[in-house]
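Data file: input.cif. Format and content: mmCIF, C-alpha atoms (C1' of nucleotides).
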```cif
data_input
loop_
_atom_site.label_atom_id
_atom_site.label_comp_id
_atom_site.auth_asym_id
_atom_site.auth_seq_id
_atom_site.Cartn_x
_atom_site.Cartn_y
_atom_site.Cartn_z
CA MET A 924 76.32 222.24 100.24
CA VAL A 925 77.60 225.18 98.24
CA LYS A 926 78.81 228.24 100.08
CA ASN A 927 75.94 230.41 98.95
CA GLU A 928 74.13 231.00 102.21
CA ARG A 929 73.90 234.68 102.80
CA THR A 930 71.13 234.93 105.38
CA ALA A 931 71.88 232.33 108.03
CA PRO A 932 75.39 231.91 109.38
CA ARG A 933 76.93 228.69 108.18
CA PRO A 934 76.97 226.04 110.86
CA SER A 935 80.28 225.27 112.49
CA ALA A 936 80.94 222.53 115.03
CA LYS A 937 81.67 224.95 117.86
CA ARG A 938 78.69 227.09 117.03
CA GLU A 939 76.35 224.12 117.20
CA ALA A 940 77.92 222.95 120.47
CA ILE A 941 77.34 226.39 121.95
CA LEU A 942 73.71 226.41 120.81
CA ASP A 943 73.15 222.92 122.24
CA ALA A 944 74.62 223.82 125.60
CA ALA A 945 72.76 227.13 125.69
CA GLN A 946 69.46 225.43 124.90
CA ALA A 947 69.96 222.94 127.71
CA CYS A 948 70.74 225.70 130.20
CA PHE A 949 68.00 228.11 129.13
CA LEU A 950 65.28 225.46 129.04
CA GLU A 951 66.25 223.93 132.38
CA GLN A 952 67.00 227.03 134.40
CA GLY A 953 65.49 229.95 132.56
CA TYR A 954 67.12 232.98 130.99
CA ALA A 955 68.33 234.91 134.01
CA ALA A 956 69.59 231.91 135.96
CA THR A 957 71.75 230.85 133.02
CA SER A 958 75.26 232.33 133.03
CA MET A 959 77.53 232.57 130.04
CA ASP A 960 80.12 230.69 132.10
CA ALA A 961 77.73 227.75 132.42
CA VAL A 962 77.11 227.73 128.68
CA ALA A 963 80.83 227.88 127.96
CA SER A 964 81.47 225.04 130.36
CA GLY A 965 78.65 222.96 128.86
CA ALA A 966 80.00 223.46 125.36
CA THR A 967 83.64 222.91 126.44
CA VAL A 968 84.50 226.26 124.97
CA SER A 969 85.79 229.50 126.38
CA LYS A 970 83.46 232.40 127.02
CA ALA A 971 85.30 234.54 124.49
CA THR A 972 84.46 232.02 121.79
CA ILE A 973 80.77 232.44 122.53
CA TYR A 974 81.09 236.19 122.05
CA ALA A 975 82.89 235.56 118.77
CA HIS A 976 79.70 233.90 117.49
CA PHE A 977 76.97 235.81 119.31
CA ALA A 978 76.92 239.50 120.10
CA SER A 979 75.31 239.16 123.51
CA LYS A 980 73.41 236.89 125.85
CA ASP A 981 70.17 238.18 124.35
CA ALA A 982 71.34 237.31 120.85
CA LEU A 983 72.34 233.82 121.96
CA PHE A 984 68.93 233.31 123.55
CA ALA A 985 67.19 234.46 120.41
CA ALA A 986 69.28 232.12 118.29
CA VAL A 987 68.33 229.19 120.52
CA ILE A 988 64.63 229.94 120.32
CA CYS A 989 64.66 230.51 116.56
CA ARG A 990 66.57 227.32 115.84
CA ARG A 991 64.09 225.38 117.95
CA CYS A 992 61.17 226.96 116.10
CA ASP A 993 62.54 225.97 112.72
CA ASN A 994 62.79 222.35 113.82
CA SER A 995 59.28 222.07 115.24
CA SER A 996 57.63 220.79 112.10
CA TYR A 997 57.26 217.11 112.70
CA THR A 998 53.73 216.12 111.78
CA THR A 999 53.85 212.35 111.76
CA GLY A 1000 50.35 211.01 112.09
CA TRP A 1001 48.59 214.18 111.03
CA PRO A 1002 45.32 213.23 109.26
CA ASP A 1003 44.63 214.19 105.65
CA GLY A 1004 41.00 214.81 106.49
CA SER A 1005 39.60 212.38 103.97
CA GLY A 1006 37.99 209.84 106.31
CA GLU A 1007 35.48 210.07 109.10
CA ALA A 1008 35.35 213.17 111.29
CA ARG A 1009 35.90 211.28 114.55
CA GLU A 1010 38.93 209.50 113.17
CA ALA A 1011 40.51 212.67 111.84
CA LEU A 1012 39.95 214.66 115.03
CA LEU A 1013 41.26 211.87 117.25
CA ALA A 1014 44.42 211.65 115.16
CA ALA A 1015 44.96 215.42 115.03
CA GLY A 1016 44.24 215.81 118.75
CA THR A 1017 46.67 213.09 119.71
CA VAL A 1018 49.45 214.55 117.58
CA LEU A 1019 48.90 218.06 118.92
CA MET A 1020 48.60 217.09 122.55
CA THR A 1021 51.60 214.78 122.46
CA LEU A 1022 53.70 217.60 121.06
CA LEU A 1023 52.17 220.06 123.51
CA LEU A 1024 52.96 218.02 126.59
CA ALA A 1025 56.49 217.04 125.59
CA PRO A 1026 58.90 218.18 128.31
CA GLU A 1027 60.90 220.19 125.82
CA THR A 1028 57.82 222.03 124.59
CA MET A 1029 56.75 222.80 128.14
CA ALA A 1030 60.20 224.15 129.02
CA MET A 1031 60.22 226.22 125.86
CA TYR A 1032 56.83 227.66 126.64
CA ARG A 1033 57.88 228.54 130.18
CA VAL A 1034 60.99 230.41 129.18
CA VAL A 1035 59.42 232.27 126.25
CA VAL A 1036 56.46 233.38 128.36
CA ALA A 1037 58.84 234.59 131.03
CA GLU A 1038 60.84 236.68 128.55
CA ALA A 1039 57.88 237.78 126.43
CA VAL A 1040 57.73 241.26 127.93
CA ARG A 1041 61.45 241.86 127.52
CA GLN A 1042 61.75 240.41 124.01
CA PRO A 1043 58.43 240.88 122.17
CA ASP A 1044 59.83 239.98 118.74
CA LEU A 1045 60.92 236.61 120.05
CA ALA A 1046 57.52 235.90 121.52
CA ARG A 1047 55.94 236.72 118.20
CA ALA A 1048 58.30 234.43 116.28
CA PHE A 1049 57.67 231.63 118.76
CA TRP A 1050 53.93 231.92 118.39
CA GLU A 1051 53.96 232.03 114.62
CA GLU A 1052 56.30 229.09 114.19
CA GLY A 1053 54.85 227.05 117.05
CA PRO A 1054 51.29 227.31 118.38
CA GLY A 1055 50.16 229.52 115.51
CA ARG A 1056 51.20 226.99 112.89
CA GLY A 1057 49.41 224.17 114.72
CA LYS A 1058 46.36 226.36 114.94
CA GLU A 1059 46.39 226.99 111.20
CA ARG A 1060 46.62 223.29 110.41
CA LEU A 1061 43.74 222.60 112.75
CA THR A 1062 41.63 225.34 111.21
CA ALA A 1063 42.30 223.96 107.75
CA LEU A 1064 41.26 220.50 108.94
CA PHE A 1065 37.94 221.78 110.27
CA ALA A 1066 37.37 223.80 107.11
CA GLY A 1067 37.91 220.68 105.02
CA LEU A 1068 35.55 218.59 107.13
CA ALA A 1069 32.93 221.33 106.91
CA GLU A 1070 33.31 221.60 103.15
CA ARG A 1071 32.82 217.89 102.73
CA GLY A 1072 29.70 218.14 104.87
CA VAL A 1073 30.80 215.61 107.51
CA LEU A 1074 30.81 218.33 110.17
CA ARG A 1075 28.45 221.27 110.52
CA VAL A 1076 30.93 223.98 111.47
CA ALA A 1077 29.97 227.58 110.83
CA ASP A 1078 33.35 229.10 111.70
CA PRO A 1079 36.38 226.78 111.39
CA TRP A 1080 38.56 229.21 113.34
CA VAL A 1081 36.24 229.05 116.34
CA ALA A 1082 36.01 225.26 116.20
CA ALA A 1083 39.80 224.94 116.03
CA ASP A 1084 40.14 227.41 118.89
CA GLN A 1085 37.75 225.43 121.04
CA PHE A 1086 39.40 222.13 120.20
CA ALA A 1087 42.88 223.43 120.96
CA GLY A 1088 41.59 225.03 124.15
CA MET A 1089 40.02 221.81 125.42
CA LEU A 1090 43.28 219.97 124.77
CA ARG A 1091 45.27 222.62 126.60
CA ALA A 1092 43.08 222.67 129.70
CA GLU A 1093 43.97 221.71 133.26
CA VAL A 1094 46.47 219.01 132.33
CA PHE A 1095 48.54 221.50 130.34
CA HIS A 1096 48.44 224.23 132.94
CA ARG A 1097 49.31 221.92 135.81
CA LEU A 1098 52.33 220.61 133.91
CA LEU A 1099 53.33 224.17 133.13
CA LEU A 1100 53.40 224.88 136.85
CA GLY A 1101 55.23 221.64 137.57
CA LEU A 1102 52.32 220.16 139.51
CA PRO A 1103 51.26 216.50 139.58
CA LEU A 1104 48.39 215.56 137.30
CA PRO A 1105 44.92 214.68 138.59
CA ASP A 1106 44.30 210.96 138.72
CA GLY A 1107 43.21 209.19 135.57
CA ARG A 1108 43.72 212.14 133.22
CA THR A 1109 45.88 211.19 130.29
CA ILE A 1110 46.41 212.35 126.74
CA GLU A 1111 44.01 209.68 125.48
CA THR A 1112 41.11 210.46 127.80
CA THR A 1113 41.42 214.21 127.29
CA VAL A 1114 41.55 213.95 123.51
CA ALA A 1115 38.67 211.50 123.42
CA ALA A 1116 36.48 213.69 125.63
CA ALA A 1117 37.20 216.78 123.55
CA VAL A 1118 36.42 214.96 120.30
CA GLU A 1119 33.12 213.60 121.60
CA THR A 1120 32.04 217.01 122.83
CA LEU A 1121 32.84 218.64 119.49
CA LEU A 1122 31.12 215.88 117.53
CA ARG A 1123 27.94 216.25 119.59
CA ALA A 1124 28.06 220.01 119.18
CA TYR A 1125 28.81 220.09 115.46
CA SER A 1126 26.86 217.16 113.96
CA MET B 105 41.45 244.16 165.86
CA VAL B 106 42.91 242.46 168.89
CA LYS B 107 46.56 241.56 168.94
CA ASN B 108 45.90 237.86 168.72
CA GLU B 109 47.36 237.12 165.31
CA ARG B 110 50.00 234.50 165.68
CA THR B 111 50.31 233.19 162.13
CA ALA B 112 50.51 236.22 159.88
CA PRO B 113 52.78 239.14 160.75
CA ARG B 114 50.80 242.20 161.72
CA PRO B 115 50.69 244.76 158.94
CA SER B 116 52.82 247.86 159.33
CA ALA B 117 52.87 250.83 157.01
CA LYS B 118 56.43 250.23 155.85
CA ARG B 119 55.81 246.53 155.39
CA GLU B 120 52.84 247.20 153.13
CA ALA B 121 54.77 249.79 151.16
CA ILE B 122 57.53 247.26 150.60
CA LEU B 123 55.05 244.62 149.44
CA ASP B 124 53.37 247.10 147.10
CA ALA B 125 56.66 248.17 145.53
CA ALA B 126 57.87 244.59 145.29
CA GLN B 127 54.67 243.48 143.60
CA ALA B 128 54.95 246.24 141.02
CA CYS B 129 58.57 245.31 140.25
CA PHE B 130 58.07 241.54 140.17
CA LEU B 131 54.96 241.66 138.01
CA GLU B 132 56.40 244.14 135.55
CA GLN B 133 59.95 242.87 135.20
CA GLY B 134 60.00 239.35 136.57
CA TYR B 135 61.84 237.88 139.53
CA ALA B 136 65.44 237.95 138.35
CA ALA B 137 65.29 241.37 136.74
CA THR B 138 63.99 242.89 139.98
CA SER B 139 66.72 244.13 142.32
CA MET B 140 66.30 244.76 146.00
CA ASP B 141 67.60 248.28 145.37
CA ALA B 142 64.71 248.90 142.99
CA VAL B 143 62.20 247.66 145.54
CA ALA B 144 63.75 249.82 148.25
CA SER B 145 63.65 252.83 145.98
CA GLY B 146 60.04 252.15 145.01
CA ALA B 147 58.99 251.89 148.65
CA THR B 148 61.08 254.93 149.70
CA VAL B 149 62.81 252.74 152.23
CA SER B 150 66.36 251.55 152.75
CA LYS B 151 67.42 248.10 151.68
CA ALA B 152 68.24 247.15 155.26
CA THR B 153 64.64 247.83 156.24
CA ILE B 154 63.46 245.29 153.69
CA TYR B 155 65.73 242.68 155.25
CA ALA B 156 64.32 243.56 158.68
CA HIS B 157 60.92 242.41 157.43
CA PHE B 158 61.82 239.65 154.97
CA ALA B 159 64.60 237.12 155.30
CA SER B 160 65.57 237.08 151.64
CA LYS B 161 64.53 238.01 148.14
CA ASP B 162 62.86 234.62 147.80
CA ALA B 163 60.85 235.22 150.97
CA LEU B 164 59.77 238.63 149.73
CA PHE B 165 58.65 237.14 146.43
CA ALA B 166 56.67 234.43 148.22
CA ALA B 167 55.01 237.02 150.44
CA VAL B 168 53.95 239.03 147.37
CA ILE B 169 52.46 236.00 145.63
CA CYS B 170 50.65 234.76 148.74
CA ARG B 171 49.15 238.15 149.54
CA ARG B 172 47.88 238.41 145.99
CA CYS B 173 46.37 234.92 146.21
CA ASP B 174 44.48 235.74 149.37
CA ASN B 175 42.89 238.73 147.73
CA SER B 176 41.76 236.96 144.56
CA SER B 177 38.37 235.96 145.86
CA TYR B 178 36.10 238.50 144.28
CA THR B 179 33.16 236.66 142.81
CA THR B 180 30.76 239.46 141.96
CA GLY B 181 28.33 238.23 139.37
CA TRP B 182 28.89 234.53 139.99
CA PRO B 183 25.62 232.65 139.30
CA ASP B 184 23.86 230.63 141.98
CA GLY B 185 22.91 228.00 139.41
CA SER B 186 19.20 228.22 140.02
CA GLY B 187 18.05 229.57 136.65
CA GLU B 188 18.50 228.46 133.08
CA ALA B 189 21.73 226.69 132.04
CA ARG B 190 22.60 229.22 129.32
CA GLU B 191 22.17 232.12 131.68
CA ALA B 192 24.30 230.53 134.41
CA LEU B 193 27.11 229.53 132.07
CA LEU B 194 27.22 232.92 130.38
CA ALA B 195 27.49 234.62 133.76
CA ALA B 196 30.15 232.25 135.09
CA GLY B 197 32.14 232.41 131.87
CA THR B 198 32.14 236.18 131.81
CA VAL B 199 33.28 236.42 135.43
CA LEU B 200 36.06 233.88 134.92
CA MET B 201 37.33 235.27 131.66
CA THR B 202 37.28 238.86 132.85
CA LEU B 203 39.40 237.87 135.84
CA LEU B 204 41.61 235.70 133.66
CA LEU B 205 42.42 238.43 131.15
CA ALA B 206 43.01 241.20 133.69
CA PRO B 207 46.53 242.58 133.18
CA GLU B 208 47.45 241.86 136.78
CA THR B 209 46.35 238.23 136.45
CA MET B 210 48.34 237.83 133.26
CA ALA B 211 51.48 239.31 134.84
CA MET B 212 51.04 237.08 137.87
CA TYR B 213 50.70 234.02 135.69
CA ARG B 214 53.81 234.94 133.72
CA VAL B 215 56.03 235.36 136.74
CA VAL B 216 54.76 232.29 138.62
CA VAL B 217 55.19 230.08 135.57
CA ALA B 218 58.71 231.39 135.13
CA GLU B 219 59.64 230.61 138.74
CA ALA B 220 57.66 227.37 138.99
CA VAL B 221 60.71 225.15 138.60
CA ARG B 222 62.71 227.03 141.19
CA GLN B 223 59.92 227.43 143.75
CA PRO B 224 57.50 224.50 143.42
CA ASP B 225 55.68 225.22 146.68
CA LEU B 226 54.80 228.66 145.44
CA ALA B 227 53.47 227.32 142.17
CA ARG B 228 51.30 224.90 144.09
CA ALA B 229 49.93 227.60 146.37
CA PHE B 230 49.20 229.82 143.36
CA TRP B 231 47.29 227.07 141.60
CA GLU B 232 45.22 226.12 144.61
CA GLU B 233 44.26 229.65 145.53
CA GLY B 234 43.82 230.84 141.96
CA PRO B 235 42.96 228.66 138.96
CA GLY B 236 42.19 225.64 141.14
CA ARG B 237 39.59 227.51 143.14
CA GLY B 238 37.89 228.79 140.00
CA LYS B 239 37.89 225.28 138.64
CA GLU B 240 36.20 223.94 141.75
CA ARG B 241 33.47 226.55 141.60
CA LEU B 242 32.89 225.74 137.95
CA THR B 243 32.74 222.00 138.64
CA ALA B 244 30.20 222.60 141.41
CA LEU B 245 28.12 224.70 139.04
CA PHE B 246 28.03 221.93 136.42
CA ALA B 247 27.27 219.34 139.08
CA GLY B 248 24.34 221.41 140.28
CA LEU B 249 22.98 221.89 136.76
CA ALA B 250 23.31 218.16 136.12
CA GLU B 251 21.56 217.29 139.36
CA ARG B 252 18.64 219.54 138.49
CA GLY B 253 18.45 217.87 135.11
CA VAL B 254 18.85 221.04 133.04
CA LEU B 255 22.13 219.74 131.61
CA ARG B 256 23.05 216.16 130.72
CA VAL B 257 26.60 216.07 132.06
CA ALA B 258 28.11 212.69 132.90
CA ASP B 259 31.30 214.05 134.50
CA PRO B 260 31.12 217.61 135.88
CA TRP B 261 34.91 217.75 136.19
CA VAL B 262 35.33 217.09 132.46
CA ALA B 263 32.67 219.63 131.52
CA ALA B 264 34.29 222.27 133.72
CA ASP B 265 37.68 221.44 132.27
CA GLN B 266 36.40 221.83 128.73
CA PHE B 267 34.62 225.08 129.52
CA ALA B 268 37.66 226.58 131.22
CA GLY B 269 39.84 225.37 128.37
CA MET B 270 37.68 226.98 125.71
CA LEU B 271 37.78 230.26 127.63
CA ARG B 272 41.54 230.11 127.95
CA ALA B 273 42.22 229.42 124.28
CA GLU B 274 44.05 231.56 121.74
CA VAL B 275 43.02 234.89 123.22
CA PHE B 276 44.56 233.97 126.57
CA HIS B 277 47.77 232.58 125.15
CA ARG B 278 48.30 235.52 122.83
CA LEU B 279 47.90 237.95 125.71
CA LEU B 280 50.30 235.85 127.77
CA LEU B 281 52.90 236.31 125.05
CA GLY B 282 52.11 240.00 124.74
CA LEU B 283 50.79 239.65 121.20
CA PRO B 284 47.90 241.60 119.65
CA LEU B 285 44.55 239.85 119.58
CA PRO B 286 42.98 238.53 116.36
CA ASP B 287 40.31 240.81 114.98
CA GLY B 288 36.83 240.59 116.42
CA ARG B 289 37.69 238.26 119.27
CA THR B 290 36.51 239.61 122.57
CA ILE B 291 35.52 238.26 125.97
CA GLU B 292 31.86 238.31 124.93
CA THR B 293 32.21 236.43 121.65
CA THR B 294 34.50 233.81 123.15
CA VAL B 295 32.27 233.15 126.14
CA ALA B 296 29.16 233.03 123.96
CA ALA B 297 30.73 230.56 121.53
CA ALA B 298 31.93 228.29 124.34
CA VAL B 299 28.51 228.29 126.00
CA GLU B 300 26.69 227.45 122.78
CA THR B 301 29.06 224.58 122.04
CA LEU B 302 28.65 223.11 125.52
CA LEU B 303 24.86 223.51 125.40
CA ARG B 304 24.65 221.68 122.08
CA ALA B 305 26.93 218.93 123.38
CA TYR B 306 25.26 218.47 126.75
CA SER B 307 21.54 218.95 126.12
"C1'" DG C 516 88.78 231.66 115.73
"C1'" DT C 517 90.16 230.41 120.11
"C1'" DC C 518 92.26 230.88 124.29
"C1'" DT C 519 93.60 233.07 129.36
"C1'" DA C 520 93.06 236.82 132.18
"C1'" DT C 521 90.71 240.69 133.66
"C1'" DA C 522 87.96 244.68 133.64
"C1'" DA C 523 83.68 247.07 135.13
"C1'" DA C 524 79.42 246.89 137.08
"C1'" DG C 525 75.53 245.07 139.66
"C1'" DC C 526 73.88 241.95 142.83
"C1'" DG C 527 72.08 240.06 147.57
"C1'" DA C 528 72.99 240.53 152.07
"C1'" DT C 529 75.16 242.55 156.45
"C1'" DA C 530 77.63 245.65 160.07
"C1'" DG C 531 77.14 249.13 163.07
"C1'" DA C 532 75.31 253.67 164.51
"C1'" DC C 533 71.14 255.65 166.18
"C1'" DG D 1213 63.07 249.50 163.32
"C1'" DT D 1214 65.53 252.29 160.37
"C1'" DC D 1215 69.31 254.27 158.38
"C1'" DT D 1216 74.26 254.75 155.71
"C1'" DA D 1217 77.99 252.44 154.10
"C1'" DT D 1218 80.16 248.51 152.48
"C1'" DC D 1219 81.45 243.64 151.91
"C1'" DG D 1220 82.03 239.71 148.99
"C1'" DC D 1221 80.56 237.52 145.22
"C1'" DT D 1222 78.82 236.76 140.47
"C1'" DT D 1223 77.77 238.62 136.29
"C1'" DT D 1224 78.39 240.21 131.28
"C1'" DA D 1225 81.61 241.56 128.29
"C1'" DT D 1226 86.37 242.63 126.48
"C1'" DA D 1227 91.77 242.92 125.73
"C1'" DG D 1228 95.51 240.86 123.97
"C1'" DA D 1229 98.36 236.75 122.92
"C1'" DC D 1230 98.48 233.02 119.65
#
```
Spell out the structure here as structure tokens.
Amino acid sequence: MVKNERTAPRPSAKREAILDAAQACFLEQGYAATSMDAVASGATVSKATIYAHFASKDALFAAVICRRCDNSSYTTGWPDGSGEAREALLAAGTVLMTLLLAPETMAMYRVVVAEAVRQPDLARAFWEEGPGRGKERLTALFAGLAERGVLRVADPWVAADQFAGMLRAEVFHRLLLGLPLPDGRTIETTVAAAVETLLRAYS
Amino acid sequence: MVKNERTAPRPSAKREAILDAAQACFLEQGYAATSMDAVASGATVSKATIYAHFASKDALFAAVICRRCDNSSYTTGWPDGSGEAREALLAAGTVLMTLLLAPETMAMYRVVVAEAVRQPDLARAFWEEGPGRGKERLTALFAGLAERGVLRVADPWVAADQFAGMLRAEVFHRLLLGLPLPDGRTIETTVAAAVETLLRAYS
DNA sequence: GTCTATAAAGCGATAGAC
DNA sequence: GTCTATCGCTTTATAGAC
């Protein structure tokens, strides 16, 4: 850890505590309902200290979202695309949908969507680092399967779009609205149904 | 128009003006960023008049959402399911996706999602009157096509879920975040691709 | 950098006249 | 029902001591 970090501010203990507390507040209660007093209290820090690190509430919010985006790169279980098509799609679908339905992801999505109109740059960054990146990996997977001839996909982008869409159907939208799920619909059944449909369509 | 309306309050000119102004504010700026002063100004009415009609800001918001839900029943162009499967699905998909991508629908979705945690009852009402109703119609359509034997669908709910999901894929989520659309992706191409995929899978 | 204390403004909601 | 005027509270942000 040399001191040669010009772009990002170097992490300090207080700064991290502030970001942690702010993330908890923003994700649980939304942007507007979160007060700087609540963040200060959560971080056991005075409000003035927050303003020493972040220019404004907007800047603090942006910092929280960006930090979260940078950390959203865990891809354990992602298939390399070398085996059977069904196997690869089941693995990819399970990874994506598990990440998608994680409470933290849902909360993140809610708050970014809510603030998208007010902070367009943030919405763009969120998409590119989050859903957009997953979409690219999925497109690459379909392209690889098509190239190897195990799947007859004319346009990998469209196939990835359809796959992602089927994963993010009613289950996702009900969770986003905080509603109970329909009986018997789980990650496994949804992924399996989507994979079977795609295999029948593209074989 | 007899005076026998016990449930809903009878419409008055001022009341409607308030609801119109409130809807414009809430959908454009969100719940928290909308002040009662702004609504009063938009309706050319005093703030006290608003409180004569609505108990609180929350109540006003709920009234706006519910009124909008009641009006979202235009189904021009919805297929009766008597003809060919491709024809019926193309028609249904176009109707759904056109409604889905309408700016007003997008704004509504944004604000309801943002307030879902704080007002769960409202989120539930929105789902049942909006997306839920569309989903039911779609499920019935698939069930009818399956019954007539023109489509081999084991579970109409799953088929409807997948169709709706494919319609609400990247295009929908990018619009929700206020981002530009990828080149060459329109309502027509998305609907057509989804229909072809489902036909290949379920024929 | 970090604190306490406070400024300055905006908010939802209400009182009281008409 | 509708208005004007205002209350009481919370908010973001800052000043000044250390």
Which residues would end up in the selection if the PyMOL selection byres ((chain B) within 9 of (chain D)) were applied here, given that I need the answer as a list in words? Val149, Ser150, Ala152, Thr153 and Ala156 of chain B
Taking all atoms listed in the file into account, find every residue of chain C that has an atom no more than 10 Å from chain B, and write it out as a list in words. DG525, DC526, DG527, DA528 and DT529 of chain C
With the file shown as input, list the residues that the PyMOL selection byres ((chain A) within 6 of (chain B)) selects, as a PyMOL selection string. chain A and resi 1033+1036-1037+1039+1046+1085+1088-1089+1092+1100+1120+1123-1124
Quick check, in Å to one decimal: how far apart do atom CA of Asp184 of chain B and atom CA of Glu251 of chain B lie? 13.8 Å
With all atoms listed in the file as the counted atoms, please give the residues lying no more than 12 Å from Glu233 of chain B, apart from itself and same-chain residues fewer than 6 positions off, as a list in words. Ile169, Cys170, Arg171, Arg172, Cys173, Asp174, Asn175, Ser176, Ser177, Leu226, Ala227, Lys239, Glu240 and Arg241 of chain B
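Of note, atom CA of Val299 of chain B and atom CA of Arg190 of chain B are spaced 6.8 Å apart.
A straight line drawn from atom CA of Leu942 of chain A to atom CA of Ala986 of chain A is 7.7 Å long.
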For segment 944-984 of chain A, write C-alpha atoms out as an mmCIF file, in the first residue's frame.
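decode01.cif, freshly written:
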```
data_model
loop_
_atom_site.group_PDB
_atom_site.id
_atom_site.type_symbol
_atom_site.label_atom_id
_atom_site.label_comp_id
_atom_site.auth_asym_id
_atom_site.auth_seq_id
_atom_site.Cartn_x
_atom_site.Cartn_y
_atom_site.Cartn_z
ATOM 1 C CA ALA A 944 -23.940 3.644 7.902
ATOM 2 C CA ALA A 945 -25.084 5.627 4.878
ATOM 3 C CA GLN A 946 -25.523 2.470 2.819
ATOM 4 C CA ALA A 947 -27.651 0.885 5.531
ATOM 5 C CA CYS A 948 -29.870 3.967 5.771
ATOM 6 C CA PHE A 949 -30.220 4.608 2.041
ATOM 7 C CA LEU A 950 -30.980 0.992 1.183
ATOM 8 C CA GLU A 951 -33.483 0.537 3.990
ATOM 9 C CA GLN A 952 -35.319 3.832 3.870
ATOM 10 C CA GLY A 953 -34.526 5.414 0.543
ATOM 11 C CA TYR A 954 -32.729 8.640 -0.284
ATOM 12 C CA ALA A 955 -35.181 11.268 0.909
ATOM 13 C CA ALA A 956 -36.162 9.510 4.125
ATOM 14 C CA THR A 957 -32.514 9.270 5.166
ATOM 15 C CA SER A 958 -31.252 12.239 7.180
ATOM 16 C CA MET A 959 -27.642 13.178 7.659
ATOM 17 C CA ASP A 960 -28.302 13.035 11.405
ATOM 18 C CA ALA A 961 -29.277 9.383 11.103
ATOM 19 C CA VAL A 962 -26.113 8.600 9.149
ATOM 20 C CA ALA A 963 -23.982 10.444 11.697
ATOM 21 C CA SER A 964 -25.636 8.566 14.522
ATOM 22 C CA GLY A 965 -25.208 5.229 12.749
ATOM 23 C CA ALA A 966 -21.524 5.881 12.181
ATOM 24 C CA THR A 967 -20.997 7.291 15.709
ATOM 25 C CA VAL A 968 -19.634 10.431 14.164
ATOM 26 C CA SER A 969 -20.701 14.032 14.147
ATOM 27 C CA LYS A 970 -22.493 15.514 11.177
ATOM 28 C CA ALA A 971 -19.657 17.950 10.569
ATOM 29 C CA THR A 972 -17.295 15.028 10.077
ATOM 30 C CA ILE A 973 -19.486 13.712 7.288
ATOM 31 C CA TYR A 974 -19.276 17.060 5.524
ATOM 32 C CA ALA A 975 -15.512 16.977 5.936
ATOM 33 C CA HIS A 976 -15.459 13.845 3.758
ATOM 34 C CA PHE A 977 -18.398 14.415 1.416
ATOM 35 C CA ALA A 978 -19.487 17.684 -0.110
ATOM 36 C CA SER A 979 -23.213 17.034 0.142
ATOM 37 C CA LYS A 980 -25.889 14.437 0.688
ATOM 38 C CA ASP A 981 -25.947 13.808 -3.053
ATOM 39 C CA ALA A 982 -22.209 13.192 -3.097
ATOM 40 C CA LEU A 983 -22.489 10.779 -0.182
ATOM 41 C CA PHE A 984 -25.258 8.892 -1.965
#
```
